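J.: I am attaching a structure below and will ask some questions about it afterwards.
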Amino acid sequence: MARPRKPLKLDQEQVQKLASLGHSDSIIAVLAGVSENTILRRYGPYLKAGRAELHQQIRTLQLQRARDGSDTMLIWLGKCVLGQREHIEQTVHTEAKIVIDIGDDTP
């Protein structure tokens with residue numbers, strides 16, 4: 001006979017909502033009153049869905065800021081989404097001068 005499941009203090013919607021607010025698996029597990037492994041095992045799809053909502057909300061806000069004319073956001077999205085990079089050329093010139101003092105041994 002299998003061991004009975006420990007009841008959770010949170011339901012599926014609450015777990016998904018907490019994940020969409022950016023809470024970690026360990027924090028959600030504490031709030032649910034179970035271990036992190038239990039949360040991952042029982043509510044993995046809800047955690048993923050919540051995090052997908054969070055990512056979608058962030059991306060929407062970023063795109064809105066870019067559309068509103070934020071040069072910083074346009075540059076950042078260009079680097080992250082389009083793979084654009086800054087090409088920095090560095091030229092190093094070195095010059096070494098060696099002086100050997102052999103001294104004068106004449107009396």
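Each chain in the structure tokens gets a letter, A, B and so on, in the order shown; residues start at 1 in every chain, and ligands are counted from 1 in the order they appear.
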For Arg5 (chain A), work out the shell of residues within 12 Å, counting only C-alpha atoms and skipping chain neighbours fewer than 3 positions away, then give it as an mmCIF file with C-alpha atoms, in the first residue's frame.

T.:
data_model
loop_
_atom_site.group_PDB
_atom_site.id
_atom_site.type_symbol
_atom_site.label_atom_id
_atom_site.label_comp_id
_atom_site.auth_asym_id
_atom_site.auth_seq_id
_atom_site.Cartn_x
_atom_site.Cartn_y
_atom_site.Cartn_z
ATOM 1 C CA ALA A 2 1.379 3.384 -1.008
ATOM 2 C CA LEU A 8 -0.665 20.996 -0.108
ATOM 3 C CA VAL A 34 6.007 20.475 1.142
ATOM 4 C CA THR A 38 7.237 17.443 -4.288
ATOM 5 C CA ARG A 42 3.358 17.352 -8.753
#

J.: Skipping near chain neighbours, those fewer than 6 positions away, what residues fall within 9 Å of Glu53 (chain A) using only C-alpha atoms, listed as an mmCIF file with C-alpha atoms, in the first residue's frame?

T.:
data_model
loop_
_atom_site.group_PDB
_atom_site.id
_atom_site.type_symbol
_atom_site.label_atom_id
_atom_site.label_comp_id
_atom_site.auth_asym_id
_atom_site.auth_seq_id
_atom_site.Cartn_x
_atom_site.Cartn_y
_atom_site.Cartn_z
ATOM 1 C CA ALA A 19 5.672 31.144 -10.501
ATOM 2 C CA SER A 20 4.371 33.922 -12.774
ATOM 3 C CA LEU A 21 5.369 36.440 -10.090
#

J.: List as a count of residues only the protein and nucleic acid residues near region 24-27 of chain A, meaning an atom at most 8 Å away when only C-alpha atoms are counted, but skip any in the same chain fewer than 2 places from it.

T.: 10

J.: Neighbours of Ala49 (chain A) within 10 Å (only C-alpha atoms; same-chain residues fewer than 4 positions away dropped), as a ChimeraX atom specification?

T.: /A:15-17,19-20,43-45,53-55
